[in-house]
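**Q** Input: one structure, supplied below.
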Amino acid sequence: MNYYPSMANFILIKIKNVSLFCNFLQERDIFIRSYSHIIKDHCRISIGTREQMKIVAKNMQEFNKVNNH
């Protein structure tokens, strides 16, 4: 998983299986946008509150543990 530095209100992430990642987060009530229709293997995460972003970061780490054997 790679991300691009951003000064906008979102971050763009490159990840091999975008749909698996989006579904993983959606199951945890975190909704992000797949941008694979525009940029292959990319998704966009809008920036929320500090607490929301801590939850997103925690779940991203969990996704990496489960999916990067």
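How things are named: the first chain in the structure tokens is A, the next is B, and so on; residues count from 1 in each chain; ligands count from 1 in the order shown.
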When you look at A:Tyr4 with a cut-off of 7 Å (counting only C-alpha atoms), what residues show up, excluding the ones that are within fewer than 3 positions of it in the same chain? I need them as a list in words.
**A**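 Listed by chain and then number, they are Ile11, Leu12 and Ile13 of chain A.
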**Q** Rounded to one decimal place, report the atom CA of A:Leu25-atom CA of A:Gln61 distance in Å.
**A**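 Atom-to-atom, atom CA of A:Leu25 and atom CA of A:Gln61 are spaced 11.1 Å apart.
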**Q** Residues near A:Tyr35, anyone? I mean within 10 Å using only C-alpha atoms, not counting same-chain ones fewer than 5 positions away, as a VMD selection string.
**A** chain A and resid 12 to 14 18 40 to 44
**Q** Taking all heavy atoms for each residue, export the selection above as a PDB file, in the first residue's frame.
**A**
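And here is the file that came out, result38.pdb:
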ATOM      1  N   LEU A  12      -4.789   9.893  -1.533  1.00  0.00           N
ATOM      2  CA  LEU A  12      -4.913   8.926  -2.607  1.00  0.00           C
ATOM      3  C   LEU A  12      -3.973   7.775  -2.280  1.00  0.00           C
ATOM      4  O   LEU A  12      -2.804   7.990  -1.957  1.00  0.00           O
ATOM      5  CB  LEU A  12      -4.532   9.578  -3.937  1.00  0.00           C
ATOM      6  CG  LEU A  12      -4.830   8.812  -5.200  1.00  0.00           C
ATOM      7  CD1 LEU A  12      -6.337   8.586  -5.362  1.00  0.00           C
ATOM      8  CD2 LEU A  12      -4.286   9.562  -6.412  1.00  0.00           C
ATOM      9  N   ILE A  13      -4.516   6.563  -2.331  1.00  0.00           N
ATOM     10  CA  ILE A  13      -3.752   5.383  -1.950  1.00  0.00           C
ATOM     11  C   ILE A  13      -3.698   4.412  -3.119  1.00  0.00           C
ATOM     12  O   ILE A  13      -4.720   4.152  -3.766  1.00  0.00           O
ATOM     13  CB  ILE A  13      -4.401   4.679  -0.745  1.00  0.00           C
ATOM     14  CG1 ILE A  13      -4.365   5.579   0.469  1.00  0.00           C
ATOM     15  CG2 ILE A  13      -3.714   3.350  -0.451  1.00  0.00           C
ATOM     16  CD1 ILE A  13      -5.098   5.032   1.662  1.00  0.00           C
ATOM     17  N   LYS A  14      -2.524   3.867  -3.381  1.00  0.00           N
ATOM     18  CA  LYS A  14      -2.375   2.807  -4.373  1.00  0.00           C
ATOM     19  C   LYS A  14      -2.315   1.486  -3.619  1.00  0.00           C
ATOM     20  O   LYS A  14      -1.516   1.320  -2.705  1.00  0.00           O
ATOM     21  CB  LYS A  14      -1.110   2.995  -5.205  1.00  0.00           C
ATOM     22  CG  LYS A  14      -0.964   1.936  -6.275  1.00  0.00           C
ATOM     23  CD  LYS A  14       0.221   2.188  -7.165  1.00  0.00           C
ATOM     24  CE  LYS A  14       0.251   1.134  -8.260  1.00  0.00           C
ATOM     25  NZ  LYS A  14       1.386   1.343  -9.158  1.00  0.00           N
ATOM     26  N   VAL A  18      -8.083  -3.077  -4.672  1.00  0.00           N
ATOM     27  CA  VAL A  18      -8.897  -1.966  -4.176  1.00  0.00           C
ATOM     28  C   VAL A  18     -10.255  -2.446  -3.674  1.00  0.00           C
ATOM     29  O   VAL A  18     -10.703  -2.037  -2.603  1.00  0.00           O
ATOM     30  CB  VAL A  18      -9.078  -0.880  -5.266  1.00  0.00           C
ATOM     31  CG1 VAL A  18     -10.057   0.174  -4.819  1.00  0.00           C
ATOM     32  CG2 VAL A  18      -7.756  -0.258  -5.614  1.00  0.00           C
ATOM     33  N   LYS A  40      -5.960   3.108 -12.146  1.00  0.00           N
ATOM     34  CA  LYS A  40      -5.929   1.697 -11.770  1.00  0.00           C
ATOM     35  C   LYS A  40      -5.291   1.494 -10.393  1.00  0.00           C
ATOM     36  O   LYS A  40      -4.272   2.103 -10.076  1.00  0.00           O
ATOM     37  CB  LYS A  40      -5.163   0.896 -12.819  1.00  0.00           C
ATOM     38  CG  LYS A  40      -5.153  -0.570 -12.553  1.00  0.00           C
ATOM     39  CD  LYS A  40      -4.374  -1.338 -13.582  1.00  0.00           C
ATOM     40  CE  LYS A  40      -4.475  -2.777 -13.182  1.00  0.00           C
ATOM     41  NZ  LYS A  40      -3.569  -3.658 -13.738  1.00  0.00           N
ATOM     42  N   ASP A  41      -5.930   0.644  -9.584  1.00  0.00           N
ATOM     43  CA  ASP A  41      -5.413   0.252  -8.263  1.00  0.00           C
ATOM     44  C   ASP A  41      -5.323   1.408  -7.263  1.00  0.00           C
ATOM     45  O   ASP A  41      -4.439   1.417  -6.402  1.00  0.00           O
ATOM     46  CB  ASP A  41      -4.039  -0.415  -8.385  1.00  0.00           C
ATOM     47  CG  ASP A  41      -4.060  -1.686  -9.201  1.00  0.00           C
ATOM     48  OD1 ASP A  41      -5.114  -2.346  -9.251  1.00  0.00           O
ATOM     49  OD2 ASP A  41      -3.029  -2.021  -9.806  1.00  0.00           O
ATOM     50  N   HIS A  42      -6.219   2.371  -7.336  1.00  0.00           N
ATOM     51  CA  HIS A  42      -6.200   3.510  -6.421  1.00  0.00           C
ATOM     52  C   HIS A  42      -7.553   3.714  -5.750  1.00  0.00           C
ATOM     53  O   HIS A  42      -8.595   3.392  -6.315  1.00  0.00           O
ATOM     54  CB  HIS A  42      -5.825   4.798  -7.159  1.00  0.00           C
ATOM     55  CG  HIS A  42      -4.381   4.899  -7.475  1.00  0.00           C
ATOM     56  ND1 HIS A  42      -3.789   4.151  -8.469  1.00  0.00           N
ATOM     57  CD2 HIS A  42      -3.399   5.645  -6.919  1.00  0.00           C
ATOM     58  CE1 HIS A  42      -2.494   4.448  -8.520  1.00  0.00           C
ATOM     59  NE2 HIS A  42      -2.236   5.346  -7.582  1.00  0.00           N
ATOM     60  N   CYS A  43      -7.499   4.261  -4.542  1.00  0.00           N
ATOM     61  CA  CYS A  43      -8.713   4.667  -3.838  1.00  0.00           C
ATOM     62  C   CYS A  43      -8.435   5.994  -3.152  1.00  0.00           C
ATOM     63  O   CYS A  43      -7.291   6.406  -3.005  1.00  0.00           O
ATOM     64  CB  CYS A  43      -9.168   3.608  -2.837  1.00  0.00           C
ATOM     65  SG  CYS A  43      -7.999   3.292  -1.516  1.00  0.00           S
ATOM     66  N   ARG A  44      -9.517   6.633  -2.755  1.00  0.00           N
ATOM     67  CA  ARG A  44      -9.431   7.959  -2.136  1.00  0.00           C
ATOM     68  C   ARG A  44     -10.089   7.906  -0.765  1.00  0.00           C
ATOM     69  O   ARG A  44     -11.190   7.382  -0.607  1.00  0.00           O
ATOM     70  CB  ARG A  44     -10.160   8.964  -3.017  1.00  0.00           C
ATOM     71  CG  ARG A  44     -10.304  10.315  -2.390  1.00  0.00           C
ATOM     72  CD  ARG A  44     -11.146  11.207  -3.256  1.00  0.00           C
ATOM     73  NE  ARG A  44     -11.630  12.342  -2.470  1.00  0.00           N
ATOM     74  CZ  ARG A  44     -11.947  13.503  -2.967  1.00  0.00           C
ATOM     75  NH1 ARG A  44     -11.882  13.716  -4.251  1.00  0.00           N
ATOM     76  NH2 ARG A  44     -12.368  14.467  -2.178  1.00  0.00           N
TER      77      ARG A  44
END
**Q** As a list in words, please: every residue in chain A that a backbone DSSP assignment puts in alpha helix (DSSP H).
**A**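 So, restricting chain A to alpha helix (DSSP H), we get Val18, Ser19, Leu20, Phe21, Cys22, Asn23, Phe24, Leu25, Gln26, Arg50, Glu51, Gln52, Met53, Lys54, Ile55, Val56, Ala57, Lys58, Asn59, Met60, Gln61, Glu62, Phe63, Asn64, Lys65, Val66 and Asn67 of chain A.
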**Q** Can you write out the residues you just picked, keeping C-alpha atoms, as a compact mmCIF listing (two decimals), in the first residue's frame?
**A**
# COMPACT_ATOMS: atom_id res chain seq x y z
CA VAL A 18 -8.90 -1.97 -4.18
CA SER A 19 -12.26 -3.74 -4.02
CA LEU A 20 -11.08 -6.06 -1.23
CA PHE A 21 -9.75 -3.07 0.71
CA CYS A 22 -12.92 -1.01 0.20
CA ASN A 23 -15.10 -3.96 1.23
CA PHE A 24 -12.94 -4.63 4.30
CA LEU A 25 -13.42 -1.05 5.47
CA GLN A 26 -17.09 -0.94 4.50
CA ARG A 50 -8.73 13.24 14.21
CA GLU A 51 -10.69 10.47 15.95
CA GLN A 52 -12.17 9.24 12.67
CA MET A 53 -8.72 9.15 11.08
CA LYS A 54 -7.33 7.16 14.03
CA ILE A 55 -10.08 4.58 13.42
CA VAL A 56 -9.29 4.50 9.70
CA ALA A 57 -5.55 4.08 10.38
CA LYS A 58 -6.20 1.27 12.87
CA ASN A 59 -8.37 -0.57 10.36
CA MET A 60 -5.83 -0.06 7.57
CA GLN A 61 -3.19 -1.68 9.77
CA GLU A 62 -5.56 -4.56 10.46
CA PHE A 63 -6.17 -4.97 6.73
CA ASN A 64 -2.41 -5.15 6.13
CA LYS A 65 -2.01 -7.81 8.84
CA VAL A 66 -4.80 -9.95 7.39
CA ASN A 67 -3.89 -9.54 3.71
**Q** Identify, with DSSP run on backbone atoms, the residues in chain A assigned to strand (DSSP E or B), and express the list as a list of chain:residue names.
**A**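 Here are the strand (DSSP E or B) residues of chain A: A:Asn2, A:Tyr3, A:Phe10, A:Ile11, A:Leu12, A:Ile13, A:Lys14, A:Arg33, A:Ser34, A:His42, A:Cys43, A:Arg44, A:Ile45, A:Ser46.
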**Q** Using atom CA of A:Arg28 and atom CA of A:Met7 as the two end points, give the distance in Å to one decimal.
**A** 26.5 Å
**Q** Using Å and a single decimal, report how far atom CA of A:Asn68 sits from atom CA of A:Ser34.
**A** 19.9 Å
**Q** Report as a PyMOL selection string all protein, DNA and RNA residues lying within 8 Å of A:Ser46, evaluated on only C-alpha atoms, omitting residues in the same chain fewer than 4 positions from it.
**A** chain A and resi 9-11+32
**Q** Just all heavy atoms for this one: save the residues we selected as a PDB file, in the first residue's frame.
**A**
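The result, written out as again21.pdb:
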ATOM      1  N   ASN A   9      -8.071  17.731   1.109  1.00  0.00           N
ATOM      2  CA  ASN A   9      -8.878  17.129   2.170  1.00  0.00           C
ATOM      3  C   ASN A   9      -9.082  15.637   1.943  1.00  0.00           C
ATOM      4  O   ASN A   9     -10.038  15.053   2.413  1.00  0.00           O
ATOM      5  CB  ASN A   9     -10.221  17.852   2.290  1.00  0.00           C
ATOM      6  CG  ASN A   9     -11.072  17.673   1.057  1.00  0.00           C
ATOM      7  OD1 ASN A   9     -10.584  17.306  -0.007  1.00  0.00           O
ATOM      8  ND2 ASN A   9     -12.349  17.946   1.203  1.00  0.00           N
ATOM      9  N   PHE A  10      -8.155  15.009   1.215  1.00  0.00           N
ATOM     10  CA  PHE A  10      -8.198  13.571   0.983  1.00  0.00           C
ATOM     11  C   PHE A  10      -6.791  13.059   0.723  1.00  0.00           C
ATOM     12  O   PHE A  10      -5.871  13.834   0.450  1.00  0.00           O
ATOM     13  CB  PHE A  10      -9.111  13.223  -0.204  1.00  0.00           C
ATOM     14  CG  PHE A  10      -8.599  13.723  -1.522  1.00  0.00           C
ATOM     15  CD1 PHE A  10      -7.759  12.947  -2.300  1.00  0.00           C
ATOM     16  CD2 PHE A  10      -8.954  14.979  -1.986  1.00  0.00           C
ATOM     17  CE1 PHE A  10      -7.281  13.407  -3.521  1.00  0.00           C
ATOM     18  CE2 PHE A  10      -8.498  15.454  -3.200  1.00  0.00           C
ATOM     19  CZ  PHE A  10      -7.653  14.661  -3.970  1.00  0.00           C
ATOM     20  N   ILE A  11      -6.643  11.736   0.843  1.00  0.00           N
ATOM     21  CA  ILE A  11      -5.390  11.107   0.443  1.00  0.00           C
ATOM     22  C   ILE A  11      -5.715  10.080  -0.631  1.00  0.00           C
ATOM     23  O   ILE A  11      -6.791   9.476  -0.645  1.00  0.00           O
ATOM     24  CB  ILE A  11      -4.630  10.456   1.617  1.00  0.00           C
ATOM     25  CG1 ILE A  11      -5.484   9.422   2.329  1.00  0.00           C
ATOM     26  CG2 ILE A  11      -4.127  11.505   2.575  1.00  0.00           C
ATOM     27  CD1 ILE A  11      -4.725   8.623   3.363  1.00  0.00           C
ATOM     28  N   ILE A  32     -15.019   4.488   1.740  1.00  0.00           N
ATOM     29  CA  ILE A  32     -14.040   5.209   0.932  1.00  0.00           C
ATOM     30  C   ILE A  32     -14.402   4.997  -0.534  1.00  0.00           C
ATOM     31  O   ILE A  32     -15.233   4.158  -0.862  1.00  0.00           O
ATOM     32  CB  ILE A  32     -12.599   4.753   1.233  1.00  0.00           C
ATOM     33  CG1 ILE A  32     -12.390   3.301   0.820  1.00  0.00           C
ATOM     34  CG2 ILE A  32     -12.263   4.960   2.699  1.00  0.00           C
ATOM     35  CD1 ILE A  32     -10.952   2.857   0.898  1.00  0.00           C
TER      36      ILE A  32
END
